[in-house]
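S.K.: This is the structure I have questions about; it appears just below.
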Amino acid sequence: DIAPKDTLYAVFLRSNVAAGTIINLDCKAAKAAEGVVCILTADEALADNVFNMVWRGSPIRDDGGVSVNTPRPLLNKTVIRHLGEPIAMIIASSLQAALDAQELINFQIKPNGNTILFNESISNKEQIWPGMKDNIASFHRFGDHFAVGKTLDKSAHVSHFNFDISKVTACAMEMRTSIGFIDENGKNCIITSAQSPYNLHGEISQLFGIDTNDVRVVTPDVGGSFGMKGSLYREDALVLWAARRLKRPVFWAANRNESFLSDEHARAVRGEASLGLDAKGNFTALRVKAHVDAGAYLTHRSKGLVNNIGGVAGQYQTPLIATEIGFYFTNTMQNAPYRGAGRPEATYVIERLIDQAAREIGRDPLQLRKQNLVPSEAMPYQTGHTFYYDSGDFPKIVEVAEKKADYAGFPARLATSESLGLLRGIGIANPIEVAGGPIKQLRKDVARITAQSDGSIVIAPGLMSVGQGHETALARMASERLGVDLTDIVYQQGDTDLLPSGRGSGGSAATVIGGAAVHVALEELISSGKSIAAGVFGCGPDDVIHEIGLFYNSTNKDQKSMSWADIASYSNVEGGLSVLGEFLPSDVTYPNGCHICEVEIDPSTGVVSFANYVVVEDVGTVLNQDLVEGQMHGGIAQGIGQALGEILRFDDSGQLITGSFMDYQMPIAKDFPNFRVTTVPIPTQINPLGAKGVGEAGTVGSLAATMNAVVDALARAGVEHFEMPATPYRVWRALQTAKTID
């Protein structure tokens, strides 16, 4: 909430219906209210030619259907397509004045006869967008569906699974906030809580039709993001637009209820999947049909599952895999990445299927997995669906997890729980993640490192730390490589004036690509330092040795050494010696692991509690064990949160009925077990660090492992099928229904 003295405050009037037509918007009384500077509507946006945010790509329909672009108006003038769409922007000298004026706006929206939600969207009742014959926003088919069908028909056993992965929102600790202003150099500036400042930089330039050199985006310390803050939002664009019009800074910050309405939503995947097995239990073929709730608008961020559907291959040798993904328009907020962005969903499908197959054929779920794992000697390995694993030792990871979790002792623990009248279940997930992507769309990252004349070292990476602790890991990397004290490291991030470009945060790519760019820059700095020292020493660069922060002439040991401060001074460059490093990987990486979760359920209340949670991960080279474990803890917590309670629910009219923490079941610390995290590094050759990425690994595995444990416990009481969220009431009701059937 950084705000200069002359800042104006913005509040948004939002639609109170999910689908309808604006028939009246009267702002006269509000404009006359005390403290109000102006009220901006779609008319002013149209006049300034900044009415729509348009995705420049095009939808894909592999089924031959009609597709349309879906421009999002910054401020809606007529058609409302989801709850909370912004209609007017009230700008006043204080936040309270803006809120008071908001109450004075007289507006009326005529609701549509039918609000299209996920079920109705799939069944194609009415169309949200004109010019379409259905609500399919985009449709994709992968693999040989005919061959998979034939193989499934011939398989000794086929397990069928209907999945329903709930719609959630990120609930970042810090809600979205933006300050738009024009700086002393005439630049269009925005300070905002976001994870990818360079993405916003380009989007602002495109939206307003201004040169990128005239745009500056600053993202200071950010209190959580998880993919949700990865792109330009309407509110970001609007505060900058208002600042351009008024020549004064304009500030907006969402409250929590507003965040539920205006933050992009995530997951929301339903469908069916079938896994074939031969008589020995070997996987023969897999077919997945997924339906995704895309929301009211299709954007470049809507289709994370397309890039990551390859995760349904898991860690297994399944020779034939075919998938199809349909994205459906609904009268809800658009879908976008959230920690994992398609990876947790893909892992969920295959791991739930394996557990179900094991129950149906009477096999131990862990042993069935071990039988089908890709062996280490098969690496590199081309899966049956897109992913090409460069390295890994899946059997070793599972073996370590099996021992850490005392898997063999589960029957005894089960008996103890049963003696106490409790249900106990064990769940396994062997997640695979793709990091540093998007796959087949690799992007470089850059880093600038500067040695200053006072001896300090400035690191300016293109990556963005939004809670991961990169400022710690990269500072230590620089300290160790350059031989300087940690206190001499200055870390700068999140300012588009610092670098020509940057990836920001997302896709577990920060260390894999951004960290590798820092590594490259460090090596370049040392090389440049040697060249400068050689000039001073009067020797060749190869004769210069760099050790513990000092440069020596190996041919004349009596010659005085040079420090980094000396190197900077002799560089004859204002500001010191500065180098720019960049790194573009040859491929993505594949972090992987094994999660084993044990739960107990009290059948009288339906409450699920954790008895144990073991995770063993191969994230490649570990730069900082504490940070890796912290990332795993946070990721696991978010997967568990969704499995046990987080869900966005809407009534028939599209009203959000879980729009606050009174209704949206966020987990708290006491809900979690003491996560036992072990890393078994199998370094990759894709980047010089050997790192595979860790940021999303915990979530990718925990959603499936937790639900497998819950379903395993419920199955012992006769519950045949159960899907998230495993709230106490839903668990209790499932148990009561099973009793009635018995």
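Chain labels A, B, ... are given in the sequence in which chains occur in the structure tokens; within each chain residues are numbered consecutively from 1, and ligands are likewise numbered from 1 in the order shown.
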Which residues, written as JSON, numbers by chain, have at least one atom at most 10 Å from Phe208 in chain A, with only C-alpha atoms counted and residues fewer than 5 positions away on the same chain left out?

M.R.: {"A": [48, 49, 50, 188, 203, 237, 240, 241]}

S.K.: With N, CA, C and O atoms retained, write the just-selected residues as a short mmCIF file (atom, residue, chain, number, x, y, z; two decimals), in the first residue's frame.

M.R.:
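Below is the file that was written, again_15.cif:
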```
data_model
loop_
_atom_site.label_atom_id
_atom_site.label_comp_id
_atom_site.auth_asym_id
_atom_site.auth_seq_id
_atom_site.Cartn_x
_atom_site.Cartn_y
_atom_site.Cartn_z
N ASP A 48 -11.35 7.19 -24.90
CA ASP A 48 -9.89 7.12 -24.86
C ASP A 48 -9.33 5.92 -25.62
O ASP A 48 -8.13 5.68 -25.62
N ASN A 49 -10.24 5.15 -26.23
CA ASN A 49 -9.83 4.00 -27.05
C ASN A 49 -9.07 2.95 -26.24
O ASN A 49 -8.11 2.34 -26.72
N VAL A 50 -9.47 2.73 -24.99
CA VAL A 50 -8.89 1.66 -24.18
C VAL A 50 -10.03 0.82 -23.60
O VAL A 50 -10.03 0.45 -22.43
N ASN A 188 4.86 5.96 -17.91
CA ASN A 188 3.64 5.38 -17.37
C ASN A 188 4.05 4.29 -16.40
O ASN A 188 4.59 3.26 -16.79
N GLU A 203 2.05 -5.98 -21.70
CA GLU A 203 0.60 -5.87 -21.85
C GLU A 203 0.14 -4.42 -21.75
O GLU A 203 -0.77 -3.99 -22.48
N ALA A 237 -4.94 -2.02 -15.24
CA ALA A 237 -5.02 -1.14 -16.40
C ALA A 237 -5.82 0.12 -16.08
O ALA A 237 -5.47 1.23 -16.51
N LEU A 240 -3.95 2.85 -14.01
CA LEU A 240 -2.97 3.57 -14.83
C LEU A 240 -3.68 4.50 -15.82
O LEU A 240 -3.26 5.64 -16.04
N TRP A 241 -4.76 4.00 -16.39
CA TRP A 241 -5.55 4.85 -17.31
C TRP A 241 -6.05 6.10 -16.58
O TRP A 241 -5.96 7.22 -17.09
#
```

S.K.: So that I can check the surroundings of Asp144 in chain A, please list as a list in words every protein, DNA and RNA residue that reaches within 6 Å of it, counting only C-alpha atoms and ignoring chain neighbours fewer than 2 positions away.

M.R.: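 My reading of the contact set: Phe146, Ala147 and Ala322 of chain A.
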
S.K.: Mind writing the picked residues with N, CA, C and O atoms as a tab-separated table (two decimals), in the first residue's frame?

M.R.:
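Written file, out.tsv:
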```
chain	number	residue	atom	x	y	z
A	146	PHE	N	-8.27	-44.12	-31.47
A	146	PHE	CA	-8.72	-45.41	-32.01
A	146	PHE	C	-7.88	-46.55	-31.45
A	146	PHE	O	-8.43	-47.57	-30.99
A	147	ALA	N	-6.57	-46.38	-31.46
A	147	ALA	CA	-5.68	-47.43	-30.95
A	147	ALA	C	-5.89	-47.65	-29.45
A	147	ALA	O	-5.89	-48.79	-28.97
A	322	ALA	N	-4.32	-41.46	-24.82
A	322	ALA	CA	-5.06	-40.49	-25.64
A	322	ALA	C	-5.87	-39.60	-24.71
A	322	ALA	O	-6.45	-40.08	-23.72
```

S.K.: Do you know which residues are at most 12 Å from Gly634 in chain A counting only C-alpha atoms, after dropping those on the same chain fewer than 2 positions away, and could you put them as an MDAnalysis selection string?

M.R.: chainID A and resid 172 224 226 339 467:468 627:632 636:641 667:669 672 675 677 694:700 702

S.K.: Convert the current residue selection to file output with N, CA and C atoms, as an mmCIF file, in the first residue's frame.

M.R.:
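Contents of the output file result24.cif:
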```cif
data_model
loop_
_atom_site.group_PDB
_atom_site.id
_atom_site.type_symbol
_atom_site.label_atom_id
_atom_site.label_comp_id
_atom_site.auth_asym_id
_atom_site.auth_seq_id
_atom_site.Cartn_x
_atom_site.Cartn_y
_atom_site.Cartn_z
ATOM 1 N N ALA A 172 -4.216 -15.499 -1.869
ATOM 2 C CA ALA A 172 -2.894 -15.023 -1.462
ATOM 3 C C ALA A 172 -3.010 -14.187 -0.188
ATOM 4 N N GLY A 224 2.590 -13.449 -1.673
ATOM 5 C CA GLY A 224 1.921 -14.600 -2.288
ATOM 6 C C GLY A 224 1.330 -14.269 -3.633
ATOM 7 N N PHE A 226 1.122 -17.400 -6.545
ATOM 8 C CA PHE A 226 0.694 -18.750 -6.936
ATOM 9 C C PHE A 226 0.128 -18.844 -8.343
ATOM 10 N N ARG A 339 -1.042 -22.584 -8.605
ATOM 11 C CA ARG A 339 0.071 -23.472 -8.241
ATOM 12 C C ARG A 339 -0.005 -24.865 -8.883
ATOM 13 N N GLY A 467 7.763 -14.881 -2.225
ATOM 14 C CA GLY A 467 7.665 -15.689 -1.014
ATOM 15 C C GLY A 467 8.536 -16.922 -1.036
ATOM 16 N N GLN A 468 9.160 -17.240 -2.181
ATOM 17 C CA GLN A 468 9.947 -18.469 -2.285
ATOM 18 C C GLN A 468 11.300 -18.364 -1.598
ATOM 19 N N LEU A 627 14.826 -23.815 2.158
ATOM 20 C CA LEU A 627 13.877 -23.216 1.221
ATOM 21 C C LEU A 627 13.099 -24.288 0.469
ATOM 22 N N VAL A 628 13.763 -25.384 0.117
ATOM 23 C CA VAL A 628 13.068 -26.484 -0.553
ATOM 24 C C VAL A 628 11.972 -27.034 0.346
ATOM 25 N N GLU A 629 12.313 -27.263 1.609
ATOM 26 C CA GLU A 629 11.308 -27.805 2.528
ATOM 27 C C GLU A 629 10.173 -26.809 2.743
ATOM 28 N N GLY A 630 10.512 -25.519 2.816
ATOM 29 C CA GLY A 630 9.468 -24.511 2.963
ATOM 30 C C GLY A 630 8.524 -24.498 1.779
ATOM 31 N N GLN A 631 9.091 -24.603 0.574
ATOM 32 C CA GLN A 631 8.255 -24.660 -0.624
ATOM 33 C C GLN A 631 7.386 -25.910 -0.632
ATOM 34 N N MET A 632 7.952 -27.030 -0.199
ATOM 35 C CA MET A 632 7.170 -28.264 -0.143
ATOM 36 C C MET A 632 6.032 -28.135 0.863
ATOM 37 N N ILE A 636 2.207 -28.516 -0.335
ATOM 38 C CA ILE A 636 1.395 -29.607 0.208
ATOM 39 C C ILE A 636 0.152 -29.045 0.896
ATOM 40 N N ALA A 637 0.344 -27.958 1.654
ATOM 41 C CA ALA A 637 -0.786 -27.349 2.367
ATOM 42 C C ALA A 637 -1.878 -26.908 1.399
ATOM 43 N N GLN A 638 -1.499 -26.365 0.246
ATOM 44 C CA GLN A 638 -2.517 -25.911 -0.704
ATOM 45 C C GLN A 638 -3.248 -27.083 -1.345
ATOM 46 N N GLY A 639 -2.545 -28.178 -1.600
ATOM 47 C CA GLY A 639 -3.221 -29.365 -2.122
ATOM 48 C C GLY A 639 -4.172 -29.963 -1.110
ATOM 49 N N ILE A 640 -3.730 -30.050 0.135
ATOM 50 C CA ILE A 640 -4.587 -30.565 1.203
ATOM 51 C C ILE A 640 -5.795 -29.652 1.400
ATOM 52 N N GLY A 641 -5.553 -28.337 1.342
ATOM 53 C CA GLY A 641 -6.653 -27.387 1.521
ATOM 54 C C GLY A 641 -7.767 -27.617 0.522
ATOM 55 N N PRO A 667 -7.725 -23.971 5.242
ATOM 56 C CA PRO A 667 -7.094 -24.713 6.342
ATOM 57 C C PRO A 667 -6.239 -23.796 7.197
ATOM 58 N N ILE A 668 -6.012 -24.182 8.435
ATOM 59 C CA ILE A 668 -5.099 -23.450 9.318
ATOM 60 C C ILE A 668 -4.038 -24.426 9.819
ATOM 61 N N ALA A 669 -3.042 -23.903 10.513
ATOM 62 C CA ALA A 669 -1.859 -24.699 10.854
ATOM 63 C C ALA A 669 -2.210 -26.003 11.571
ATOM 64 N N PHE A 672 -2.844 -29.451 9.750
ATOM 65 C CA PHE A 672 -1.819 -30.175 9.010
ATOM 66 C C PHE A 672 -0.979 -31.070 9.914
ATOM 67 N N PHE A 675 4.831 -32.459 8.235
ATOM 68 C CA PHE A 675 5.306 -33.006 6.962
ATOM 69 C C PHE A 675 6.758 -33.477 7.097
ATOM 70 N N VAL A 677 9.800 -34.303 4.987
ATOM 71 C CA VAL A 677 10.288 -34.081 3.633
ATOM 72 C C VAL A 677 11.723 -34.583 3.498
ATOM 73 N N VAL A 694 11.129 -26.687 -7.768
ATOM 74 C CA VAL A 694 10.457 -27.222 -6.582
ATOM 75 C C VAL A 694 9.144 -26.520 -6.260
ATOM 76 N N GLY A 695 8.907 -25.329 -6.786
ATOM 77 C CA GLY A 695 7.815 -24.487 -6.311
ATOM 78 C C GLY A 695 6.438 -25.110 -6.313
ATOM 79 N N GLU A 696 6.154 -25.964 -7.298
ATOM 80 C CA GLU A 696 4.796 -26.498 -7.416
ATOM 81 C C GLU A 696 4.702 -27.983 -7.072
ATOM 82 N N ALA A 697 5.851 -28.581 -6.762
ATOM 83 C CA ALA A 697 5.896 -30.032 -6.569
ATOM 84 C C ALA A 697 4.984 -30.505 -5.442
ATOM 85 N N GLY A 698 4.941 -29.747 -4.340
ATOM 86 C CA GLY A 698 4.123 -30.183 -3.213
ATOM 87 C C GLY A 698 2.653 -30.275 -3.552
ATOM 88 N N THR A 699 2.141 -29.287 -4.273
ATOM 89 C CA THR A 699 0.727 -29.277 -4.637
ATOM 90 C C THR A 699 0.398 -30.370 -5.642
ATOM 91 N N VAL A 700 1.313 -30.617 -6.577
ATOM 92 C CA VAL A 700 1.065 -31.611 -7.614
ATOM 93 C C VAL A 700 0.807 -32.983 -7.002
ATOM 94 N N SER A 702 0.147 -33.591 -3.441
ATOM 95 C CA SER A 702 -0.665 -33.685 -2.224
ATOM 96 C C SER A 702 -2.153 -33.793 -2.496
#
```

S.K.: May I have the residues within 9 Å of Tyr389 in chain A as a list in words, using only C-alpha atoms and disregarding those fewer than 3 positions away in the same chain?

M.R.: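 Non-adjacent residues within range: Met379, Pro380, Tyr381, Gln382, Thr383, Gly392, Val588, Thr589 and Tyr590 of chain A.
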
S.K.: From the options A:Ala568, A:Leu735, A:Ala97, A:Val292, which residue's atoms come nearest to Ile122 in chain A, counting only C-alpha atoms?

M.R.: A:Val292

S.K.: Would you mind listing what lies within 10 Å of Pro673 in chain A as a list in words, with only C-alpha atoms counted and same-chain residues fewer than 2 positions away left out?

M.R.: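 Once the adjacent positions are removed, what remains is Cys597, Glu598, Val599, Ser609, Phe610, Ala611, Asn612, Tyr613, Val614, Ala637, Ala669, Lys670, Asp671, Phe675 and Arg676 of chain A.
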
S.K.: Of the candidates A:Asn572, A:Ala517, A:Leu414, A:Asp652, which one gets nearest to Arg716 in chain A if we count only C-alpha atoms?

M.R.: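 Comparing A:Asn572, A:Ala517, A:Leu414, A:Asp652 against Arg716 in chain A, the winner is A:Leu414.
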
S.K.: Just list the residues in range 416-464 of chain A DSSP gives helix (DSSP H, G or I) on the backbone, as a PyMOL selection string.

M.R.: chain A and resi 416-419

S.K.: Keeping N, CA and C atoms for every residue in the selection just given, could you write it to a file as a PDB file, in the first residue's frame?

M.R.:
```pdb
ATOM      1  N   THR A 416      -5.077 -50.800  15.020  1.00  0.00           N
ATOM      2  CA  THR A 416      -5.169 -49.935  16.203  1.00  0.00           C
ATOM      3  C   THR A 416      -6.286 -48.910  16.040  1.00  0.00           C
ATOM      4  N   SER A 417      -6.343 -48.298  14.858  1.00  0.00           N
ATOM      5  CA  SER A 417      -7.400 -47.309  14.603  1.00  0.00           C
ATOM      6  C   SER A 417      -8.771 -47.950  14.683  1.00  0.00           C
ATOM      7  N   GLU A 418      -8.919 -49.118  14.086  1.00  0.00           N
ATOM      8  CA  GLU A 418     -10.216 -49.802  14.103  1.00  0.00           C
ATOM      9  C   GLU A 418     -10.639 -50.155  15.513  1.00  0.00           C
ATOM     10  N   SER A 419      -9.665 -50.479  16.370  1.00  0.00           N
ATOM     11  CA  SER A 419     -10.002 -50.806  17.758  1.00  0.00           C
ATOM     12  C   SER A 419     -10.541 -49.597  18.515  1.00  0.00           C
TER      13      SER A 419
END
```

S.K.: What's the separation between CA of Gly427 in chain A and CA of Ile596 in chain A, in Å to one decimal place?

M.R.: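 Atom-to-atom, CA of Gly427 in chain A and CA of Ile596 in chain A are spaced 5.7 Å apart.
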
S.K.: Using only C-alpha atoms, pick whichever of A:Ser155, A:Gln685, A:Ser274, A:Ser578 has the shortest atom-to-atom distance to Ile321 in chain A.

M.R.: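 The closest residue to Ile321 in chain A is A:Ser274.
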
S.K.: Counting only C-alpha atoms, which residue out of A:Ser586, A:Asn282, A:Thr323, A:Thr21 sits closest to Asn308 in chain A?

M.R.: A:Thr323

S.K.: Which residues, written as a CSV table (one decimal) with C-alpha atoms, in the first residue's frame, have at least one atom at most 12 Å from range 473-480 of chain A, with only C-alpha atoms counted and residues fewer than 2 positions away on the same chain left out?

M.R.:
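Output saved as selection25.csv:
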```
chain,number,residue,atom,x,y,z
A,447,ALA,CA,20.3,-11.5,-14.8
A,448,ARG,CA,22.5,-8.4,-14.2
A,449,ILE,CA,25.3,-8.5,-11.7
A,450,THR,CA,27.3,-5.5,-10.8
A,451,ALA,CA,30.5,-5.1,-8.7
A,456,SER,CA,29.3,-4.5,-2.8
A,457,ILE,CA,27.7,-6.8,-5.3
A,458,VAL,CA,24.3,-6.0,-6.8
A,459,ILE,CA,22.2,-8.9,-8.1
A,460,ALA,CA,19.2,-8.0,-10.3
A,461,PRO,CA,17.6,-11.2,-11.6
A,462,GLY,CA,14.8,-11.5,-14.1
A,463,LEU,CA,13.0,-13.9,-11.8
A,464,MET,CA,10.7,-12.7,-9.1
A,465,SER,CA,10.5,-13.8,-5.5
A,468,GLN,CA,9.9,-18.5,-2.3
A,469,GLY,CA,13.1,-17.0,-0.8
A,470,HIS,CA,15.1,-16.5,-4.0
A,471,GLU,CA,16.7,-13.4,-2.5
A,482,LEU,CA,32.4,-14.5,-5.7
A,483,GLY,CA,34.0,-15.0,-2.3
A,484,VAL,CA,32.3,-12.0,-0.6
A,485,ASP,CA,30.3,-11.7,2.6
A,486,LEU,CA,26.5,-12.0,2.5
A,487,THR,CA,26.3,-8.5,3.9
A,488,ASP,CA,27.9,-7.2,0.8
A,489,ILE,CA,25.2,-8.6,-1.5
A,490,VAL,CA,22.5,-6.2,-2.6
A,491,TYR,CA,19.4,-7.9,-4.1
A,492,GLN,CA,17.1,-6.0,-6.5
A,493,GLN,CA,14.0,-7.4,-8.2
A,510,ALA,CA,12.8,-19.4,-11.3
A,511,THR,CA,15.8,-21.4,-10.2
A,514,GLY,CA,16.5,-17.5,-13.7
A,515,GLY,CA,18.9,-19.1,-11.2
A,516,ALA,CA,20.9,-20.5,-14.1
A,517,ALA,CA,21.0,-17.0,-15.7
A,518,VAL,CA,22.5,-15.7,-12.4
A,519,HIS,CA,25.0,-18.5,-12.5
A,520,VAL,CA,26.0,-17.5,-16.1
A,521,ALA,CA,26.3,-13.8,-15.0
A,522,LEU,CA,28.5,-14.8,-12.0
A,523,GLU,CA,30.8,-16.7,-14.3
A,525,LEU,CA,31.6,-11.3,-13.9
A,526,ILE,CA,34.6,-13.4,-12.8
A,547,GLU,CA,40.0,-17.0,-4.9
A,548,ILE,CA,38.0,-15.9,-1.8
A,549,GLY,CA,37.0,-12.6,-3.4
A,622,VAL,CA,19.3,-28.6,-3.9
A,623,LEU,CA,20.6,-25.1,-3.5
A,624,ASN,CA,19.1,-24.5,0.0
A,625,GLN,CA,17.4,-27.4,1.9
A,626,ASP,CA,15.4,-25.1,4.2
A,627,LEU,CA,13.9,-23.2,1.2
A,628,VAL,CA,13.1,-26.5,-0.6
A,689,LEU,CA,22.9,-25.9,-11.7
```

S.K.: Considering only C-alpha atoms, can you say which of A:Cys539, A:Ser302, A:Thr330, A:Gln108 comes closest to Asn124 in chain A?

M.R.: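 Closest to Asn124 in chain A of all the choices is A:Thr330.
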
S.K.: I'd like to know which of A:Ala429, A:Met53, A:Val466, A:Val215 is closest to Pro71 in chain A, using only C-alpha atoms.

M.R.: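 Using only C-alpha atoms, the shortest distance to Pro71 in chain A belongs to A:Met53.
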
S.K.: Mind listing the strand (DSSP E or B) residues of range 4-238 of chain A, per DSSP on the backbone, as a VMD selection string?

M.R.: chain A and resid 8 to 14 20 to 26 36 to 40 52 to 53 61 72 to 73 79 to 80 86 to 92 106 to 111 136 to 142 157 to 169 177 to 182 188 to 192 215 to 218
